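K.L.:
Handing over protein-v9.cif, mmCIF, C-alpha atoms and all ligand atoms.
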data_query
loop_
_atom_site.label_atom_id
_atom_site.label_comp_id
_atom_site.auth_asym_id
_atom_site.auth_seq_id
_atom_site.Cartn_x
_atom_site.Cartn_y
_atom_site.Cartn_z
CA MET A 1 -25.19 92.88 -50.00
CA THR A 2 -25.55 95.88 -47.70
CA LYS A 3 -23.90 99.15 -48.54
CA ARG A 4 -21.49 98.64 -45.66
CA THR A 5 -20.56 95.08 -46.82
CA PHE A 6 -20.14 96.37 -50.37
CA LEU A 7 -17.80 99.16 -49.22
CA THR A 8 -15.82 96.73 -47.07
CA THR A 9 -15.42 94.40 -50.04
CA ILE A 10 -14.33 97.25 -52.32
CA LEU A 11 -11.90 98.61 -49.74
CA GLY A 12 -10.56 95.09 -49.16
CA THR A 13 -9.96 94.63 -52.88
CA VAL A 14 -8.28 98.03 -53.12
CA GLY A 15 -6.12 97.04 -50.18
CA ILE A 16 -5.01 93.81 -51.88
CA VAL A 17 -4.24 95.65 -55.12
CA ALA A 18 -2.32 98.33 -53.20
CA ALA A 19 -0.37 95.67 -51.32
CA ALA A 20 0.46 93.90 -54.58
CA GLU A 21 1.63 97.17 -56.09
CA GLN A 22 3.72 97.86 -53.01
CA LEU A 23 5.25 94.41 -53.31
CA ARG A 24 5.96 95.00 -57.00
CA ARG A 25 7.70 98.26 -56.14
CA PHE A 26 9.67 96.53 -53.42
CA LYS A 27 10.72 93.90 -55.94
CA SER A 28 11.76 96.63 -58.35
CA HIS A 29 14.49 97.65 -55.96
CA THR A 30 15.44 94.12 -55.04
CA PRO A 31 17.35 92.11 -57.64
CA MET A 32 15.45 88.91 -58.35
CA ILE A 33 18.69 86.97 -58.61
CA THR A 34 22.00 87.91 -57.07
CA ASP A 35 24.11 85.14 -58.57
CA THR A 36 26.53 86.67 -61.06
CA ASN A 37 28.36 83.48 -61.98
CA PRO A 38 28.58 82.51 -65.67
CA VAL A 39 25.61 80.58 -67.00
CA THR A 40 25.15 77.71 -69.44
CA VAL A 41 22.95 78.44 -72.44
CA ARG A 42 22.33 77.30 -76.00
CA LEU A 43 22.56 79.64 -78.96
CA LEU A 44 21.19 79.36 -82.50
CA ASP A 45 23.63 79.50 -85.40
CA GLY A 46 23.03 81.04 -88.83
CA ALA A 47 21.29 77.86 -90.02
CA GLY A 48 18.90 77.99 -87.05
CA THR A 49 20.52 74.98 -85.38
CA LEU A 50 20.87 74.84 -81.61
CA THR A 51 24.47 74.87 -80.45
CA ASP A 52 25.79 72.60 -77.74
CA PRO A 53 25.47 74.14 -74.26
CA ILE A 54 28.14 76.80 -73.73
CA THR A 55 29.13 78.91 -70.76
CA VAL A 56 28.68 82.66 -71.14
CA PRO A 57 29.07 85.57 -68.73
CA LYS A 58 26.01 86.71 -66.84
CA VAL A 59 24.82 90.11 -68.07
CA VAL A 60 24.66 92.42 -65.06
CA LYS A 61 23.84 96.12 -65.39
CA SER A 62 22.57 98.83 -63.08
CA ASP A 63 18.99 100.03 -63.45
CA ASP A 64 20.29 103.32 -64.89
CA THR A 65 22.26 101.45 -67.55
CA TRP A 66 19.28 99.26 -68.46
CA ARG A 67 17.25 102.44 -68.87
CA LEU A 68 19.65 103.61 -71.60
CA GLN A 69 18.84 100.49 -73.61
CA LEU A 70 15.20 99.71 -72.86
CA THR A 71 11.99 101.66 -73.34
CA ASP A 72 10.10 102.62 -70.19
CA GLU A 73 7.64 99.76 -70.78
CA GLN A 74 10.40 97.22 -71.45
CA PHE A 75 12.17 98.36 -68.28
CA ARG A 76 9.00 98.15 -66.20
CA ILE A 77 8.26 94.61 -67.36
CA THR A 78 11.76 93.12 -67.44
CA ARG A 79 13.46 94.84 -64.51
CA THR A 80 10.56 95.34 -62.11
CA ALA A 81 8.63 92.13 -62.82
CA GLY A 82 5.76 94.07 -64.35
CA THR A 83 2.90 92.70 -66.45
CA GLU A 84 1.56 94.22 -69.63
CA ARG A 85 -2.19 94.46 -70.11
CA ALA A 86 -3.79 91.45 -71.79
CA PHE A 87 -4.32 91.82 -75.57
CA CYS A 88 -2.18 94.99 -75.53
CA GLY A 89 1.25 93.54 -76.30
CA ILE A 90 2.59 93.40 -79.85
CA PHE A 91 3.10 89.61 -80.09
CA HIS A 92 0.02 87.91 -78.60
CA ASP A 93 -1.53 87.76 -82.07
CA ASN A 94 1.68 87.32 -84.06
CA HIS A 95 1.39 84.21 -86.26
CA LYS A 96 4.54 84.73 -88.33
CA LEU A 97 7.25 82.09 -88.28
CA GLY A 98 10.39 83.12 -86.51
CA LEU A 99 12.43 83.42 -83.36
CA TYR A 100 11.74 85.34 -80.17
CA THR A 101 14.81 86.57 -78.29
CA CYS A 102 15.36 88.36 -75.00
CA VAL A 103 14.79 92.07 -75.51
CA ALA A 104 17.63 92.88 -73.11
CA CYS A 105 20.46 90.46 -73.97
CA GLY A 106 19.48 88.85 -77.28
CA LEU A 107 19.35 85.27 -75.98
CA PRO A 108 17.09 82.95 -78.06
CA LEU A 109 14.05 82.11 -75.93
CA PHE A 110 11.09 80.82 -77.96
CA ARG A 111 10.27 79.76 -81.50
CA SER A 112 7.00 80.29 -83.30
CA ASP A 113 6.52 76.51 -83.72
CA ALA A 114 5.93 76.26 -79.95
CA LYS A 115 3.48 79.20 -79.87
CA PHE A 116 -0.24 78.62 -79.50
CA ASP A 117 -3.39 80.68 -79.09
CA SER A 118 -4.19 80.47 -75.40
CA GLY A 119 -6.92 83.12 -75.50
CA THR A 120 -5.32 84.85 -72.54
CA GLY A 121 -4.10 87.92 -74.44
CA TRP A 122 -0.42 87.18 -73.83
CA PRO A 123 1.99 85.35 -76.13
CA SER A 124 1.90 81.71 -75.05
CA PHE A 125 4.37 78.93 -75.76
CA PHE A 126 4.43 75.27 -74.73
CA GLN A 127 8.21 75.12 -74.56
CA PRO A 128 11.29 77.33 -74.84
CA VAL A 129 13.99 77.05 -77.49
CA ALA A 130 16.23 75.47 -74.87
CA ALA A 131 15.45 74.64 -71.26
CA GLU A 132 18.87 76.03 -70.31
CA ASN A 133 17.91 79.54 -71.40
CA ILE A 134 15.01 79.98 -68.97
CA GLY A 135 15.32 80.47 -65.21
CA SER A 136 12.47 80.26 -62.74
CA THR A 137 11.54 81.36 -59.24
CA LYS A 138 8.58 80.82 -56.97
CA ASP A 139 6.34 83.88 -57.02
CA THR A 140 3.81 84.32 -54.22
CA ALA A 141 2.75 87.86 -55.12
CA LEU A 142 -1.00 88.48 -55.41
CA GLY A 143 -1.56 85.71 -52.86
CA MET A 144 -1.03 82.97 -55.45
CA ALA A 145 1.74 80.42 -55.80
CA ARG A 146 3.05 80.86 -59.32
CA THR A 147 6.28 80.06 -61.13
CA GLU A 148 7.96 83.16 -62.47
CA VAL A 149 10.23 82.76 -65.51
CA HIS A 150 13.14 84.93 -66.59
CA CYS A 151 16.04 85.03 -69.02
CA VAL A 152 18.82 83.04 -67.39
CA ARG A 153 21.54 85.32 -68.75
CA CYS A 154 20.29 88.77 -67.77
CA ASP A 155 17.49 87.96 -65.29
CA SER A 156 14.94 89.88 -67.33
CA HIS A 157 11.47 88.96 -66.15
CA LEU A 158 9.50 87.25 -68.91
CA GLY A 159 6.24 86.11 -67.32
CA HIS A 160 5.04 82.89 -65.67
CA VAL A 161 4.70 79.23 -66.54
CA PHE A 162 1.55 77.23 -65.79
CA ASP A 163 0.70 73.54 -66.11
CA ASP A 164 -2.43 73.97 -68.21
CA GLY A 165 -0.76 74.08 -71.64
CA PRO A 166 -1.19 71.76 -74.63
CA ALA A 167 0.71 68.55 -75.44
CA PRO A 168 3.44 67.54 -75.59
CA THR A 169 4.59 69.45 -72.50
CA ASN A 170 1.25 70.51 -71.01
CA LEU A 171 2.98 73.74 -70.06
CA ARG A 172 1.93 77.29 -70.86
CA TYR A 173 4.67 79.89 -70.82
CA CYS A 174 2.67 83.11 -70.48
CA ILE A 175 5.09 85.79 -71.67
CA ASN A 176 5.03 89.56 -71.92
CA SER A 177 5.55 90.87 -75.46
CA ALA A 178 7.68 93.68 -74.04
CA SER A 179 10.26 91.11 -72.88
CA LEU A 180 10.78 89.86 -76.44
CA LEU A 181 12.22 90.80 -79.79
CA PHE A 182 11.07 88.91 -82.90
CA ARG A 183 13.05 87.98 -85.99
CA GLU A 184 10.99 86.53 -88.84
CA ASP A 185 12.27 83.44 -90.66
CA GLY A 186 13.38 83.70 -94.25
CA VAL A 187 13.21 87.47 -94.49
CA LYS A 188 16.24 88.65 -96.40
CA THR A 189 17.62 91.69 -94.67
CA ALA A 190 19.25 94.08 -97.09
CA ARG A 191 21.72 95.27 -94.47
CA GLU A 192 22.98 93.92 -91.16
CA LYS A 193 24.96 95.75 -88.50
CA VAL A 194 27.59 94.60 -86.05
CA ILE A 195 29.72 96.73 -83.73
CA PHE A 196 33.43 96.06 -83.18
CA GLY A 197 35.84 97.45 -80.60
CA ALA A 198 39.50 96.76 -81.40
CA GLY A 199 41.49 99.72 -80.14
CA CYS A 200 41.72 103.25 -81.56
CA PHE A 201 38.60 103.55 -83.71
CA TRP A 202 40.33 105.56 -86.44
CA GLY A 203 42.30 102.51 -87.56
CA VAL A 204 39.48 100.03 -86.95
CA GLU A 205 37.18 102.05 -89.18
CA SER A 206 39.69 102.23 -92.03
CA THR A 207 40.22 98.47 -91.80
CA PHE A 208 36.52 97.60 -92.10
CA ALA A 209 35.68 100.35 -94.61
CA ALA A 210 38.04 98.61 -97.05
CA VAL A 211 36.26 95.24 -96.85
CA LYS A 212 34.16 94.36 -99.92
CA GLY A 213 30.52 94.06 -98.87
CA VAL A 214 30.78 96.66 -96.08
CA THR A 215 28.30 99.34 -97.04
CA ALA A 216 28.84 101.92 -94.29
CA THR A 217 30.93 102.55 -91.19
CA ARG A 218 30.66 104.98 -88.29
CA VAL A 219 32.93 105.41 -85.30
CA GLY A 220 31.38 105.90 -81.89
CA TYR A 221 30.99 104.71 -78.33
CA SER A 222 29.18 101.66 -76.96
CA GLY A 223 29.02 99.43 -73.92
CA GLY A 224 29.07 102.18 -71.30
CA THR A 225 26.83 103.58 -68.63
CA THR A 226 26.24 107.16 -69.81
CA LYS A 227 24.13 108.77 -72.51
CA ASN A 228 25.62 110.73 -75.42
CA PRO A 229 29.24 110.66 -74.24
CA SER A 230 31.87 112.92 -75.79
CA TYR A 231 35.38 111.79 -76.74
CA GLU A 232 36.69 113.56 -73.63
CA ASN A 233 34.11 111.78 -71.44
CA VAL A 234 35.14 108.40 -72.81
CA CYS A 235 38.86 109.18 -72.38
CA SER A 236 38.19 109.96 -68.71
CA HIS A 237 37.61 106.19 -68.21
CA ARG A 238 34.52 106.99 -66.16
CA THR A 239 31.83 106.21 -68.73
CA GLY A 240 32.61 102.53 -69.38
CA HIS A 241 32.27 103.04 -73.14
CA ALA A 242 34.54 101.40 -75.68
CA GLU A 243 35.71 103.13 -78.85
CA VAL A 244 33.86 101.15 -81.51
CA VAL A 245 33.00 101.00 -85.17
CA GLU A 246 29.50 100.28 -86.33
CA VAL A 247 29.86 98.15 -89.44
CA GLU A 248 26.92 97.92 -91.83
CA TYR A 249 27.22 95.17 -94.42
CA ASP A 250 25.33 93.41 -97.17
CA PRO A 251 24.78 89.81 -96.01
CA ALA A 252 24.36 88.72 -99.64
CA GLN A 253 27.99 89.70 -100.29
CA LEU A 254 29.66 89.27 -96.92
CA SER A 255 29.11 86.90 -94.03
CA VAL A 256 29.68 87.69 -90.39
CA ASP A 257 32.27 84.88 -90.37
CA GLN A 258 34.28 86.78 -92.98
CA LEU A 259 34.00 89.96 -90.91
CA LEU A 260 35.18 88.05 -87.84
CA VAL A 261 38.32 86.90 -89.70
CA VAL A 262 39.14 90.57 -90.34
CA PHE A 263 38.29 91.46 -86.73
CA TRP A 264 40.59 88.88 -85.11
CA LYS A 265 43.46 89.78 -87.46
CA SER A 266 43.06 93.52 -86.96
CA HIS A 267 44.10 93.63 -83.31
CA ASN A 268 45.41 91.68 -80.35
CA PRO A 269 42.35 90.25 -78.52
CA THR A 270 44.45 88.89 -75.65
CA THR A 271 45.53 92.19 -74.11
CA ARG A 272 42.81 93.31 -71.72
CA ASP A 273 41.93 97.02 -72.00
CA ARG A 274 44.93 97.66 -74.17
CA GLN A 275 46.03 97.79 -77.81
CA GLY A 276 49.74 98.53 -78.10
CA PRO A 277 50.43 101.97 -76.63
CA ASP A 278 46.73 102.72 -76.17
CA VAL A 279 45.79 101.77 -72.62
CA GLY A 280 42.35 102.01 -71.02
CA SER A 281 39.00 100.23 -71.03
CA GLN A 282 37.88 102.31 -74.02
CA TYR A 283 40.41 100.35 -76.11
CA ARG A 284 39.06 96.96 -75.09
CA SER A 285 38.36 94.24 -77.59
CA ALA A 286 34.60 93.89 -78.06
CA ILE A 287 31.94 92.46 -80.34
CA PHE A 288 28.47 93.90 -79.88
CA PHE A 289 26.19 91.60 -81.88
CA THR A 290 22.73 92.48 -83.17
CA THR A 291 21.45 89.03 -84.22
CA PRO A 292 21.48 85.55 -82.63
CA ALA A 293 23.48 84.21 -85.58
CA GLN A 294 26.16 86.86 -85.07
CA GLU A 295 26.51 85.86 -81.44
CA ALA A 296 26.81 82.16 -82.27
CA ALA A 297 29.41 82.94 -84.95
CA ALA A 298 31.38 85.27 -82.65
CA ARG A 299 31.52 82.80 -79.77
CA ALA A 300 32.36 79.85 -82.05
CA SER A 301 35.17 81.74 -83.79
CA ALA A 302 36.58 82.97 -80.46
CA ALA A 303 36.56 79.42 -79.05
CA LYS A 304 38.22 78.06 -82.18
CA LEU A 305 40.91 80.73 -82.11
CA ASP A 306 41.50 80.20 -78.39
CA ALA A 307 41.90 76.46 -78.96
CA SER A 308 44.25 76.91 -81.92
CA GLY A 309 47.21 77.74 -79.72
CA THR A 310 48.25 80.56 -82.04
CA LEU A 311 47.64 83.34 -79.52
CA ARG A 312 49.87 84.33 -76.63
CA GLY A 313 47.07 84.16 -74.09
CA PRO A 314 43.34 83.70 -73.71
CA ILE A 315 40.97 85.93 -75.64
CA THR A 316 39.59 88.79 -73.52
CA THR A 317 37.04 90.01 -76.07
CA GLN A 318 33.73 91.18 -74.63
CA ILE A 319 30.89 89.57 -76.62
CA GLU A 320 27.57 91.16 -75.76
CA PHE A 321 24.22 92.16 -77.25
CA ALA A 322 24.48 95.63 -78.77
CA GLY A 323 23.05 98.38 -76.59
CA PRO A 324 23.02 102.04 -77.61
CA PHE A 325 25.62 103.20 -80.13
CA TYR A 326 26.55 106.87 -79.84
CA ALA A 327 28.21 108.28 -82.96
CA ALA A 328 31.49 110.03 -82.26
CA GLU A 329 32.14 113.64 -83.17
CA GLU A 330 32.43 114.39 -86.90
CA TYR A 331 36.15 115.07 -86.44
CA HIS A 332 36.70 111.35 -85.74
CA GLN A 333 34.63 109.99 -88.65
CA LYS A 334 36.68 108.59 -91.57
CA TYR A 335 39.73 110.11 -89.86
CA HIS A 336 42.41 108.27 -91.81
CA ALA A 337 40.57 108.71 -95.11
CA LYS A 338 40.51 112.47 -94.49
CA HIS A 339 43.89 112.96 -92.87
CA GLY A 340 45.99 110.02 -94.02
CA GLY A 341 48.16 107.98 -91.71
CA TYR A 342 47.32 104.65 -90.17
CA CYS A 343 47.28 102.86 -86.82
CA PRO A 344 49.77 99.99 -86.73
CA VAL A 345 48.36 96.64 -85.71
CA PRO A 346 49.59 95.97 -82.16
CA LEU A 347 51.14 92.53 -81.75
ZN ZN B 1 18.29 88.22 -71.39
#
How does this structure look as structure tokens?
Ligand SMILES: [Zn+2]
P.N.:
Amino acid sequence: MTKRTFLTTILGTVGIVAAAEQLRRFKSHTPMITDTNPVTVRLLDGAGTLTDPITVPKVVKSDDTWRLQLTDEQFRITRTAGTERAFCGIFHDNHKLGLYTCVACGLPLFRSDAKFDSGTGWPSFFQPVAAENIGSTKDTALGMARTEVHCVRCDSHLGHVFDDGPAPTNLRYCINSASLLFREDGVKTAREKVIFGAGCFWGVESTFAAVKGVTATRVGYSGGTTKNPSYENVCSHRTGHAEVVEVEYDPAQLSVDQLLVVFWKSHNPTTRDRQGPDVGSQYRSAIFFTTPAQEAAARASAAKLDASGTLRGPITTQIEFAGPFYAAEEYHQKYHAKHGGYCPVPL
């Protein structure tokens, strides 16, 4: 190879890489999917059993809002269709038994029993937990025809699927670790957390603080689009945050189903953005779950209550994977315990 040919080859390669990078940047400002209709997925209940397919809202957030929740690397991979370096992710060599969920919306995606050592340096699976939970698109970046895969609920990019995997599917889902969270089987967690919005957080906190098995409560703000909001910011209705209570509990003493009974009784989940005299989106009914089992329990109990005919209208409760929780000002913490009084349950 002459020096000139060598330089031409190098410059050609650089050009291809630059073009691919340019395409990636273009994609980063172009939503992969624009469909915001509800989607059909399967969840996993507390026993690890797949639920029947259910319809859930699509999770749609602005890039700025995703950045509040995700690390820079998670954002780059999931929202801009990036790829982590081979052998550098945290799960390619993970051999523990457990469940991999979407890092952005908590949807169950893969189980360890479908994971295999592909030698590629990326976590590899021969099938997802449920075919419904994975979406795909044709990807022609880098001059190759590949099949891109993403979380069907939030469109987070996961990786690609190839047809050179092992039996029984002969598929290889080549997934970025940064797109996943992992929950190990059989590990007893001393404490779990769930976040509830049910109107004025003073009253909601006093309700849950009195439940046996609840080990800590904090009032704060969740579900919005701004960082570190103040009470005044949230009251302005411009931050999108709900007044919420972070409930920490001992799962050995208290189940999420028992907490959900208290939650549904503590407020009126049918009045959208309102609890009695308190009006505004910060007073909306909301469950921000932190585990797949909590989500399955929340959606099952909401469906059961809706079908019971005991409510005056359909449930409006927002059920979503917990993003950032911002503790409220000290003045609002344990307000009723410190100052007395109570918030009547709005009917
Ligand atoms: Zn997702």
K.L.:
Choose the residue, out of A:Gly199, A:Gly280, A:Val211, A:Ala141, that has the smallest atom-to-atom separation from Val261 in chain A; count only C-alpha atoms.
P.N.:
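Distance minimum relative to Val261 in chain A lands on A:Val211.
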K.L.:
Could you check which of A:Val41, A:Ala327, A:Val245, A:Ala178 is closest to Pro229 in chain A, using all atoms listed in the file?
P.N.:
A:Ala327
K.L.:
Need to verify the contact set: Gln294 in chain A, 10 Å, all atoms listed in the file, exclusion of same-chain residues closer than 2 positions in sequence. Can you return it as a PyMOL selection string?
P.N.:
chain A and resi 44-46+192-194+255-257+260+287-292+296-300+321
K.L.:
When you draw a straight line from CA of Gln282 in chain A to CA of Leu305 in chain A, how long is it in Å?
P.N.:
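The value is 23.2 Å.
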K.L.:
So which one's closest to Thr207 in chain A, A:Thr80, A:Asn170, A:Ser266, A:Asn228? Using all atoms listed in the file, please.
P.N.:
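Of A:Thr80, A:Asn170, A:Ser266, A:Asn228, the one nearest Thr207 in chain A is A:Ser266, counting all atoms listed in the file.
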K.L.:
Suppose you want the space between CA of Val279 in chain A and CA of Ile319 in chain A; what is it in Å?
P.N.:
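Going from CA of Val279 in chain A over to CA of Ile319 in chain A covers 19.7 Å.
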K.L.:
Would you write out, as JSON lines, a table of all residues in chain A that have an atom no more than 8 Å from an atom of ligand ZN 1 (chain B), listing for each the closest atom pair and the distance in Å to one decimal, considering all atoms listed in the file and ordering rows by chain and rising residue number?
P.N.:
{"residue": "A:Val59", "atom": "CA", "partner": "B:ZN1", "partner_atom": "ZN", "distance": 7.6}
{"residue": "A:Thr101", "atom": "CA", "partner": "B:ZN1", "partner_atom": "ZN", "distance": 7.9}
{"residue": "A:Cys102", "atom": "CA", "partner": "B:ZN1", "partner_atom": "ZN", "distance": 4.7}
{"residue": "A:Val103", "atom": "CA", "partner": "B:ZN1", "partner_atom": "ZN", "distance": 6.6}
{"residue": "A:Ala104", "atom": "CA", "partner": "B:ZN1", "partner_atom": "ZN", "distance": 5.0}
{"residue": "A:Cys105", "atom": "CA", "partner": "B:ZN1", "partner_atom": "ZN", "distance": 4.0}
{"residue": "A:Gly106", "atom": "CA", "partner": "B:ZN1", "partner_atom": "ZN", "distance": 6.0}
{"residue": "A:Leu107", "atom": "CA", "partner": "B:ZN1", "partner_atom": "ZN", "distance": 5.6}
{"residue": "A:His150", "atom": "CA", "partner": "B:ZN1", "partner_atom": "ZN", "distance": 7.8}
{"residue": "A:Cys151", "atom": "CA", "partner": "B:ZN1", "partner_atom": "ZN", "distance": 4.6}
{"residue": "A:Val152", "atom": "CA", "partner": "B:ZN1", "partner_atom": "ZN", "distance": 6.6}
{"residue": "A:Arg153", "atom": "CA", "partner": "B:ZN1", "partner_atom": "ZN", "distance": 5.1}
{"residue": "A:Cys154", "atom": "CA", "partner": "B:ZN1", "partner_atom": "ZN", "distance": 4.2}
{"residue": "A:Asp155", "atom": "CA", "partner": "B:ZN1", "partner_atom": "ZN", "distance": 6.2}
{"residue": "A:Ser156", "atom": "CA", "partner": "B:ZN1", "partner_atom": "ZN", "distance": 5.5}
K.L.:
Keeping only C-alpha atoms, write those residues as a JSON list (two decimals), keeping the file's coordinate frame.
P.N.:
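Okay, this is what ended up in result-v4.json:
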[["chain", "number", "residue", "atom", "x", "y", "z"],
["A", 59, "VAL", "CA", 24.82, 90.11, -68.07],
["A", 101, "THR", "CA", 14.81, 86.57, -78.29],
["A", 102, "CYS", "CA", 15.36, 88.36, -75.00],
["A", 103, "VAL", "CA", 14.79, 92.07, -75.51],
["A", 104, "ALA", "CA", 17.63, 92.88, -73.11],
["A", 105, "CYS", "CA", 20.46, 90.46, -73.97],
["A", 106, "GLY", "CA", 19.48, 88.85, -77.28],
["A", 107, "LEU", "CA", 19.35, 85.27, -75.98],
["A", 150, "HIS", "CA", 13.14, 84.93, -66.59],
["A", 151, "CYS", "CA", 16.04, 85.03, -69.02],
["A", 152, "VAL", "CA", 18.82, 83.04, -67.39],
["A", 153, "ARG", "CA", 21.54, 85.32, -68.75],
["A", 154, "CYS", "CA", 20.29, 88.77, -67.77],
["A", 155, "ASP", "CA", 17.49, 87.96, -65.29],
["A", 156, "SER", "CA", 14.94, 89.88, -67.33]]
